[in-house]
Amino acid sequence: MRAAVITRPGGPEVLRVEELPDPTPEADYVRVRVRASALNRADMLQRAGNYPVPAGAPASIPGLEIAGDVEAIGPAVDRWRPGDRVFGIVGGGGQAELAVTPQDLLLPIPASLDYTAAAAVPEVFMTAYDALFPQAGLMPGERVLVHAAGSGVATAAIQLIRAAGAAAWGTMRSQTKRAKAAELGIEAVFAPENFAAELKAATGGPGADIILDFVGAPYLAANLDALAHRGRIIIIGTMGGADGPINLGMLMGKRACIFGTVLRSRSRAEKATLTADFGKHVLPLLASGTVRPIVDRVFPLEQIAEAHRYMESNQNFGKIVIRVAR
């Protein structure tokens, strides 16, 4: 099989497309003929040598989500048959022509989605769903602030918030991306430098019931300021840094909660539970078109380095998809 390979830690130039042995599915594992994968910030961290892969995942092949066809199954597989169209999260190795994954981490691709669109779903929609509902307990009528509103997770979150009968606000700098976010139903987009004051003015004072944060430490104080009474902050990323001061008095006074979340390092059992819940609650929304993956650009596997450079430029709104099939 062909696969994108990290030849050594470094920049995009260390990526190569190489021929590797085909993996063999054992026990209840499934081998998927990958038609498309997608790019995530974790892929760049892995490429740079700053993100150890989970046990059992290929360390040199990036890719956290796949869409394709079941090609072969292990002897204990009872959910899938060759030819089934599937998508799902993987611990790594998604940017290869073949990927092996447990059967309970896959879902059927809705008929309304092609492989490119399906590849843009698993990581971002599962992350957004998990943060908003199982963790933050989003309820209809609540107000949610989504930082970095042009990211893949953010575009998924905005749509899930709207589908739940809640309201979404966002932060970003790009004027072009602001117009695109408005098309997803976001109420307003604020400049990162003054979002707390602007959000409180927009909500008439209360602020946000939930804040989804991908930036981390630089936003911590302003997040608490922007948070409503009994609000919840979900830390999904730390692109701006992980260490920052916190006003515990304000946290206590607002009776607020701060959650941290990560998807890749969870156990198989945790991922399987999330996959099943996602299939029950979000798959119907995707099938009906109520929510949809936002694809910014598609790169062939041979241009994997260019795809990494494009993500690092922060120009994308939504997902960058890697077309794996020839």
# chains A, B, ... in the order shown; residues from 1 in each chain; ligands from 1
>>> residues_around(residues="Glu187 of chain A", least_positions_apart="5", cutoff="7 Å", atoms="only C-alpha atoms", output="PyMOL selection string")
chain A and resi 167-169
>>> select_by_dssp(residues="segment 133-269 of chain A", states="alpha helix (DSSP H)", output="number ranges by chain")
A: 152-163, 175-183, 195-202, 220-226, 248-253, 268-269
>>> residues_around(residues="segment 218-231 of chain A", least_positions_apart="2", cutoff="8 Å", atoms="only C-alpha atoms", output="ChimeraX atom specification")
/A:195-197,199-200,206-211,215-216,233,240-241,244-247,250-251,254-257
>>> residues_around(residues="Pro293 of chain A", least_positions_apart="2", cutoff="12 Å", atoms="only C-alpha atoms", output="JSON, numbers by chain")
{"A": [38, 112, 113, 114, 115, 116, 117, 118, 119, 120, 121, 122, 123, 124, 125, 126, 151, 152, 153, 154, 155, 156, 157, 158, 159, 160, 184, 282, 283, 285, 286, 287, 289, 290, 291, 295, 296, 317, 318, 319, 320, 321]}
>>> atom_distance(atom1="atom CA of Arg8 of chain A", atom2="atom CA of Gln46 of chain A")
10.3 Å
>>> residues_around(residues="Leu212 of chain A", least_positions_apart="5", cutoff="9 Å", atoms="only C-alpha atoms", output="ChimeraX atom specification")
/A:128,131-132,144-147,154,157,232-236
>>> residues_around(residues="Val70 of chain A", least_positions_apart="4", cutoff="10 Å", atoms="only C-alpha atoms", output="PyMOL selection string")
chain A and resi 30-34+80-87+98-100
>>> write_last_selection(atoms="C-alpha atoms", output="compact mmCIF listing (two decimals), in the first residue's frame")
# COMPACT_ATOMS: atom_id res chain seq x y z
CA VAL A 30 -11.45 -4.39 10.05
CA ARG A 31 -9.21 -3.45 7.13
CA VAL A 32 -10.54 -0.41 5.29
CA ARG A 33 -9.60 0.62 1.77
CA VAL A 34 -9.20 4.32 2.52
CA TRP A 80 -19.30 -5.35 8.83
CA ARG A 81 -18.85 -7.11 5.51
CA PRO A 82 -16.51 -6.38 2.60
CA GLY A 83 -17.88 -3.58 0.47
CA ASP A 84 -19.54 -1.66 3.31
CA ARG A 85 -18.96 2.11 3.16
CA VAL A 86 -17.58 3.21 6.54
CA PHE A 87 -15.94 6.11 8.32
CA LEU A 98 -5.22 0.65 3.86
CA ALA A 99 -5.98 1.11 7.56
CA VAL A 100 -6.85 -1.43 10.25
>>> closest_residue(among="A:Asp243, A:Glu306, A:Glu312, A:Asp28", to="Arg16 of chain A", atoms="only C-alpha atoms")
A:Glu306
>>> select_by_dssp(residues="segment 131-177 of chain A", states="strand (DSSP E or B)", output="PDB file with all heavy atoms, in the first residue's frame")
ATOM      1  N   ARG A 143     -26.380  29.820  25.484  1.00  0.00           N
ATOM      2  CA  ARG A 143     -25.487  30.627  24.650  1.00  0.00           C
ATOM      3  C   ARG A 143     -24.088  30.018  24.688  1.00  0.00           C
ATOM      4  O   ARG A 143     -23.564  29.748  25.767  1.00  0.00           O
ATOM      5  CB  ARG A 143     -25.442  32.067  25.172  1.00  0.00           C
ATOM      6  CG  ARG A 143     -26.806  32.739  25.244  1.00  0.00           C
ATOM      7  CD  ARG A 143     -26.742  34.045  26.045  1.00  0.00           C
ATOM      8  NE  ARG A 143     -26.343  33.810  27.422  1.00  0.00           N
ATOM      9  CZ  ARG A 143     -27.190  33.609  28.424  1.00  0.00           C
ATOM     10  NH1 ARG A 143     -28.489  33.605  28.201  1.00  0.00           N
ATOM     11  NH2 ARG A 143     -26.753  33.407  29.649  1.00  0.00           N
ATOM     12  N   VAL A 144     -23.487  29.841  23.501  1.00  0.00           N
ATOM     13  CA  VAL A 144     -22.174  29.207  23.412  1.00  0.00           C
ATOM     14  C   VAL A 144     -21.218  30.120  22.647  1.00  0.00           C
ATOM     15  O   VAL A 144     -21.554  30.616  21.572  1.00  0.00           O
ATOM     16  CB  VAL A 144     -22.249  27.837  22.698  1.00  0.00           C
ATOM     17  CG1 VAL A 144     -20.885  27.131  22.744  1.00  0.00           C
ATOM     18  CG2 VAL A 144     -23.331  26.956  23.326  1.00  0.00           C
ATOM     19  N   LEU A 145     -20.038  30.331  23.218  1.00  0.00           N
ATOM     20  CA  LEU A 145     -18.972  31.059  22.537  1.00  0.00           C
ATOM     21  C   LEU A 145     -17.966  30.043  22.010  1.00  0.00           C
ATOM     22  O   LEU A 145     -17.455  29.216  22.770  1.00  0.00           O
ATOM     23  CB  LEU A 145     -18.276  32.030  23.491  1.00  0.00           C
ATOM     24  CG  LEU A 145     -17.084  32.801  22.904  1.00  0.00           C
ATOM     25  CD1 LEU A 145     -17.534  33.739  21.790  1.00  0.00           C
ATOM     26  CD2 LEU A 145     -16.340  33.572  23.995  1.00  0.00           C
ATOM     27  N   VAL A 146     -17.682  30.112  20.702  1.00  0.00           N
ATOM     28  CA  VAL A 146     -16.761  29.179  20.059  1.00  0.00           C
ATOM     29  C   VAL A 146     -15.549  29.966  19.572  1.00  0.00           C
ATOM     30  O   VAL A 146     -15.673  30.783  18.655  1.00  0.00           O
ATOM     31  CB  VAL A 146     -17.434  28.461  18.876  1.00  0.00           C
ATOM     32  CG1 VAL A 146     -16.474  27.441  18.276  1.00  0.00           C
ATOM     33  CG2 VAL A 146     -18.730  27.789  19.317  1.00  0.00           C
ATOM     34  N   ALA A 167     -27.757  29.069  20.810  1.00  0.00           N
ATOM     35  CA  ALA A 167     -27.190  30.158  20.023  1.00  0.00           C
ATOM     36  C   ALA A 167     -25.673  30.131  20.108  1.00  0.00           C
ATOM     37  O   ALA A 167     -25.105  29.853  21.173  1.00  0.00           O
ATOM     38  CB  ALA A 167     -27.710  31.509  20.514  1.00  0.00           C
ATOM     39  N   ALA A 168     -25.016  30.423  18.986  1.00  0.00           N
ATOM     40  CA  ALA A 168     -23.549  30.392  18.924  1.00  0.00           C
ATOM     41  C   ALA A 168     -22.993  31.752  18.557  1.00  0.00           C
ATOM     42  O   ALA A 168     -23.497  32.421  17.657  1.00  0.00           O
ATOM     43  CB  ALA A 168     -23.081  29.348  17.903  1.00  0.00           C
ATOM     44  N   TRP A 169     -21.955  32.162  19.273  1.00  0.00           N
ATOM     45  CA  TRP A 169     -21.129  33.309  18.928  1.00  0.00           C
ATOM     46  C   TRP A 169     -19.709  32.795  18.698  1.00  0.00           C
ATOM     47  O   TRP A 169     -19.391  31.658  19.076  1.00  0.00           O
ATOM     48  CB  TRP A 169     -21.120  34.343  20.048  1.00  0.00           C
ATOM     49  CG  TRP A 169     -22.361  35.182  20.130  1.00  0.00           C
ATOM     50  CD1 TRP A 169     -22.561  36.414  19.591  1.00  0.00           C
ATOM     51  CD2 TRP A 169     -23.576  34.855  20.809  1.00  0.00           C
ATOM     52  NE1 TRP A 169     -23.828  36.876  19.881  1.00  0.00           N
ATOM     53  CE2 TRP A 169     -24.482  35.930  20.625  1.00  0.00           C
ATOM     54  CE3 TRP A 169     -24.022  33.742  21.538  1.00  0.00           C
ATOM     55  CZ2 TRP A 169     -25.769  35.943  21.149  1.00  0.00           C
ATOM     56  CZ3 TRP A 169     -25.298  33.751  22.063  1.00  0.00           C
ATOM     57  CH2 TRP A 169     -26.159  34.837  21.866  1.00  0.00           C
ATOM     58  N   GLY A 170     -18.838  33.596  18.107  1.00  0.00           N
ATOM     59  CA  GLY A 170     -17.488  33.126  17.838  1.00  0.00           C
ATOM     60  C   GLY A 170     -16.461  34.232  17.906  1.00  0.00           C
ATOM     61  O   GLY A 170     -16.786  35.417  18.023  1.00  0.00           O
ATOM     62  N   THR A 171     -15.193  33.830  17.848  1.00  0.00           N
ATOM     63  CA  THR A 171     -14.084  34.771  17.725  1.00  0.00           C
ATOM     64  C   THR A 171     -13.206  34.345  16.560  1.00  0.00           C
ATOM     65  O   THR A 171     -13.005  33.157  16.330  1.00  0.00           O
ATOM     66  CB  THR A 171     -13.215  34.833  19.000  1.00  0.00           C
ATOM     67  OG1 THR A 171     -12.571  33.560  19.201  1.00  0.00           O
ATOM     68  CG2 THR A 171     -14.043  35.174  20.228  1.00  0.00           C
TER      69      THR A 171
END
>>> closest_residue(among="A:Ile186, A:Ile322, A:Met311, A:Leu138", to="Glu65 of chain A", atoms="only C-alpha atoms")
A:Ile322
>>> residues_around(residues="Lys271 of chain A", least_positions_apart="3", cutoff="10 Å", atoms="only C-alpha atoms", output="JSON, numbers by chain")
{"A": [89, 90, 104, 105, 126, 263, 264, 265, 266, 267, 268, 274, 275, 276, 277]}
>>> closest_residue(among="A:Met239, A:Ser60, A:Gly74, A:Arg35", to="Val14 of chain A", atoms="only C-alpha atoms")
A:Ser60
>>> decode(residues="segment 196-225 of chain A", atoms="N, CA, C and O atoms", output="PDB file, in the first residue's frame")
ATOM      1  N   ALA A 196     -14.731  39.388  25.507  1.00  0.00           N
ATOM      2  CA  ALA A 196     -15.534  39.300  26.725  1.00  0.00           C
ATOM      3  C   ALA A 196     -16.531  40.457  26.801  1.00  0.00           C
ATOM      4  O   ALA A 196     -17.732  40.248  27.029  1.00  0.00           O
ATOM      5  N   ALA A 197     -16.050  41.665  26.603  1.00  0.00           N
ATOM      6  CA  ALA A 197     -16.931  42.824  26.663  1.00  0.00           C
ATOM      7  C   ALA A 197     -17.969  42.796  25.553  1.00  0.00           C
ATOM      8  O   ALA A 197     -19.154  43.095  25.775  1.00  0.00           O
ATOM      9  N   GLU A 198     -17.551  42.428  24.355  1.00  0.00           N
ATOM     10  CA  GLU A 198     -18.471  42.410  23.220  1.00  0.00           C
ATOM     11  C   GLU A 198     -19.537  41.331  23.383  1.00  0.00           C
ATOM     12  O   GLU A 198     -20.703  41.532  23.031  1.00  0.00           O
ATOM     13  N   LEU A 199     -19.150  40.177  23.916  1.00  0.00           N
ATOM     14  CA  LEU A 199     -20.124  39.109  24.120  1.00  0.00           C
ATOM     15  C   LEU A 199     -21.143  39.505  25.185  1.00  0.00           C
ATOM     16  O   LEU A 199     -22.354  39.288  25.010  1.00  0.00           O
ATOM     17  N   LYS A 200     -20.684  40.090  26.279  1.00  0.00           N
ATOM     18  CA  LYS A 200     -21.624  40.487  27.329  1.00  0.00           C
ATOM     19  C   LYS A 200     -22.580  41.558  26.833  1.00  0.00           C
ATOM     20  O   LYS A 200     -23.768  41.556  27.182  1.00  0.00           O
ATOM     21  N   ALA A 201     -22.073  42.448  25.994  1.00  0.00           N
ATOM     22  CA  ALA A 201     -22.960  43.456  25.413  1.00  0.00           C
ATOM     23  C   ALA A 201     -23.987  42.808  24.488  1.00  0.00           C
ATOM     24  O   ALA A 201     -25.172  43.167  24.497  1.00  0.00           O
ATOM     25  N   ALA A 202     -23.548  41.825  23.712  1.00  0.00           N
ATOM     26  CA  ALA A 202     -24.446  41.169  22.759  1.00  0.00           C
ATOM     27  C   ALA A 202     -25.514  40.338  23.455  1.00  0.00           C
ATOM     28  O   ALA A 202     -26.624  40.176  22.936  1.00  0.00           O
ATOM     29  N   THR A 203     -25.194  39.796  24.638  1.00  0.00           N
ATOM     30  CA  THR A 203     -26.142  38.960  25.370  1.00  0.00           C
ATOM     31  C   THR A 203     -26.904  39.743  26.433  1.00  0.00           C
ATOM     32  O   THR A 203     -27.660  39.147  27.213  1.00  0.00           O
ATOM     33  N   GLY A 204     -26.684  41.054  26.497  1.00  0.00           N
ATOM     34  CA  GLY A 204     -27.369  41.866  27.491  1.00  0.00           C
ATOM     35  C   GLY A 204     -26.822  41.695  28.892  1.00  0.00           C
ATOM     36  O   GLY A 204     -27.509  41.990  29.871  1.00  0.00           O
ATOM     37  N   GLY A 205     -25.598  41.176  28.993  1.00  0.00           N
ATOM     38  CA  GLY A 205     -24.953  41.084  30.299  1.00  0.00           C
ATOM     39  C   GLY A 205     -24.541  39.712  30.771  1.00  0.00           C
ATOM     40  O   GLY A 205     -23.448  39.548  31.330  1.00  0.00           O
ATOM     41  N   PRO A 206     -25.363  38.659  30.556  1.00  0.00           N
ATOM     42  CA  PRO A 206     -25.019  37.362  31.166  1.00  0.00           C
ATOM     43  C   PRO A 206     -23.734  36.730  30.660  1.00  0.00           C
ATOM     44  O   PRO A 206     -23.013  36.076  31.416  1.00  0.00           O
ATOM     45  N   GLY A 207     -23.433  36.859  29.369  1.00  0.00           N
ATOM     46  CA  GLY A 207     -22.278  36.169  28.803  1.00  0.00           C
ATOM     47  C   GLY A 207     -22.644  34.787  28.297  1.00  0.00           C
ATOM     48  O   GLY A 207     -23.807  34.500  28.004  1.00  0.00           O
ATOM     49  N   ALA A 208     -21.647  33.905  28.207  1.00  0.00           N
ATOM     50  CA  ALA A 208     -21.833  32.585  27.606  1.00  0.00           C
ATOM     51  C   ALA A 208     -22.068  31.520  28.669  1.00  0.00           C
ATOM     52  O   ALA A 208     -21.399  31.496  29.708  1.00  0.00           O
ATOM     53  N   ASP A 209     -23.007  30.638  28.387  1.00  0.00           N
ATOM     54  CA  ASP A 209     -23.211  29.479  29.265  1.00  0.00           C
ATOM     55  C   ASP A 209     -22.113  28.451  29.061  1.00  0.00           C
ATOM     56  O   ASP A 209     -21.725  27.739  30.000  1.00  0.00           O
ATOM     57  N   ILE A 210     -21.611  28.350  27.819  1.00  0.00           N
ATOM     58  CA  ILE A 210     -20.549  27.405  27.480  1.00  0.00           C
ATOM     59  C   ILE A 210     -19.539  28.115  26.599  1.00  0.00           C
ATOM     60  O   ILE A 210     -19.919  28.894  25.714  1.00  0.00           O
ATOM     61  N   ILE A 211     -18.261  27.865  26.834  1.00  0.00           N
ATOM     62  CA  ILE A 211     -17.190  28.383  25.981  1.00  0.00           C
ATOM     63  C   ILE A 211     -16.344  27.207  25.501  1.00  0.00           C
ATOM     64  O   ILE A 211     -15.853  26.421  26.317  1.00  0.00           O
ATOM     65  N   LEU A 212     -16.190  27.077  24.188  1.00  0.00           N
ATOM     66  CA  LEU A 212     -15.295  26.073  23.609  1.00  0.00           C
ATOM     67  C   LEU A 212     -14.000  26.775  23.232  1.00  0.00           C
ATOM     68  O   LEU A 212     -13.997  27.687  22.405  1.00  0.00           O
ATOM     69  N   ASP A 213     -12.892  26.349  23.848  1.00  0.00           N
ATOM     70  CA  ASP A 213     -11.622  27.067  23.677  1.00  0.00           C
ATOM     71  C   ASP A 213     -10.547  26.154  23.097  1.00  0.00           C
ATOM     72  O   ASP A 213     -10.280  25.080  23.631  1.00  0.00           O
ATOM     73  N   PHE A 214      -9.933  26.619  22.003  1.00  0.00           N
ATOM     74  CA  PHE A 214      -8.836  25.908  21.368  1.00  0.00           C
ATOM     75  C   PHE A 214      -7.501  26.616  21.594  1.00  0.00           C
ATOM     76  O   PHE A 214      -6.469  26.106  21.183  1.00  0.00           O
ATOM     77  N   VAL A 215      -7.528  27.787  22.231  1.00  0.00           N
ATOM     78  CA  VAL A 215      -6.335  28.634  22.351  1.00  0.00           C
ATOM     79  C   VAL A 215      -5.604  28.399  23.661  1.00  0.00           C
ATOM     80  O   VAL A 215      -4.384  28.339  23.712  1.00  0.00           O
ATOM     81  N   GLY A 216      -6.350  28.276  24.765  1.00  0.00           N
ATOM     82  CA  GLY A 216      -5.725  27.955  26.037  1.00  0.00           C
ATOM     83  C   GLY A 216      -5.391  29.138  26.897  1.00  0.00           C
ATOM     84  O   GLY A 216      -6.193  30.066  27.072  1.00  0.00           O
ATOM     85  N   ALA A 217      -4.179  29.148  27.420  1.00  0.00           N
ATOM     86  CA  ALA A 217      -3.759  30.080  28.457  1.00  0.00           C
ATOM     87  C   ALA A 217      -4.038  31.548  28.152  1.00  0.00           C
ATOM     88  O   ALA A 217      -4.534  32.278  29.033  1.00  0.00           O
ATOM     89  N   PRO A 218      -3.755  32.069  26.957  1.00  0.00           N
ATOM     90  CA  PRO A 218      -3.977  33.502  26.725  1.00  0.00           C
ATOM     91  C   PRO A 218      -5.425  33.954  26.877  1.00  0.00           C
ATOM     92  O   PRO A 218      -5.682  35.135  27.108  1.00  0.00           O
ATOM     93  N   TYR A 219      -6.369  33.034  26.736  1.00  0.00           N
ATOM     94  CA  TYR A 219      -7.785  33.399  26.805  1.00  0.00           C
ATOM     95  C   TYR A 219      -8.411  33.097  28.170  1.00  0.00           C
ATOM     96  O   TYR A 219      -9.588  33.379  28.387  1.00  0.00           O
ATOM     97  N   LEU A 220      -7.651  32.513  29.087  1.00  0.00           N
ATOM     98  CA  LEU A 220      -8.245  32.000  30.321  1.00  0.00           C
ATOM     99  C   LEU A 220      -8.947  33.086  31.132  1.00  0.00           C
ATOM    100  O   LEU A 220     -10.108  32.927  31.550  1.00  0.00           O
ATOM    101  N   ALA A 221      -8.291  34.220  31.367  1.00  0.00           N
ATOM    102  CA  ALA A 221      -8.888  35.287  32.174  1.00  0.00           C
ATOM    103  C   ALA A 221     -10.123  35.860  31.490  1.00  0.00           C
ATOM    104  O   ALA A 221     -11.170  36.066  32.132  1.00  0.00           O
ATOM    105  N   ALA A 222     -10.019  36.126  30.190  1.00  0.00           N
ATOM    106  CA  ALA A 222     -11.161  36.681  29.471  1.00  0.00           C
ATOM    107  C   ALA A 222     -12.304  35.673  29.371  1.00  0.00           C
ATOM    108  O   ALA A 222     -13.483  36.056  29.381  1.00  0.00           O
ATOM    109  N   ASN A 223     -11.989  34.391  29.280  1.00  0.00           N
ATOM    110  CA  ASN A 223     -13.039  33.367  29.271  1.00  0.00           C
ATOM    111  C   ASN A 223     -13.859  33.425  30.556  1.00  0.00           C
ATOM    112  O   ASN A 223     -15.089  33.367  30.529  1.00  0.00           O
ATOM    113  N   LEU A 224     -13.178  33.514  31.682  1.00  0.00           N
ATOM    114  CA  LEU A 224     -13.893  33.591  32.950  1.00  0.00           C
ATOM    115  C   LEU A 224     -14.738  34.858  33.033  1.00  0.00           C
ATOM    116  O   LEU A 224     -15.868  34.846  33.535  1.00  0.00           O
ATOM    117  N   ASP A 225     -14.209  35.958  32.526  1.00  0.00           N
ATOM    118  CA  ASP A 225     -14.958  37.208  32.506  1.00  0.00           C
ATOM    119  C   ASP A 225     -16.204  37.084  31.640  1.00  0.00           C
ATOM    120  O   ASP A 225     -17.272  37.612  31.974  1.00  0.00           O
TER     121      ASP A 225
END
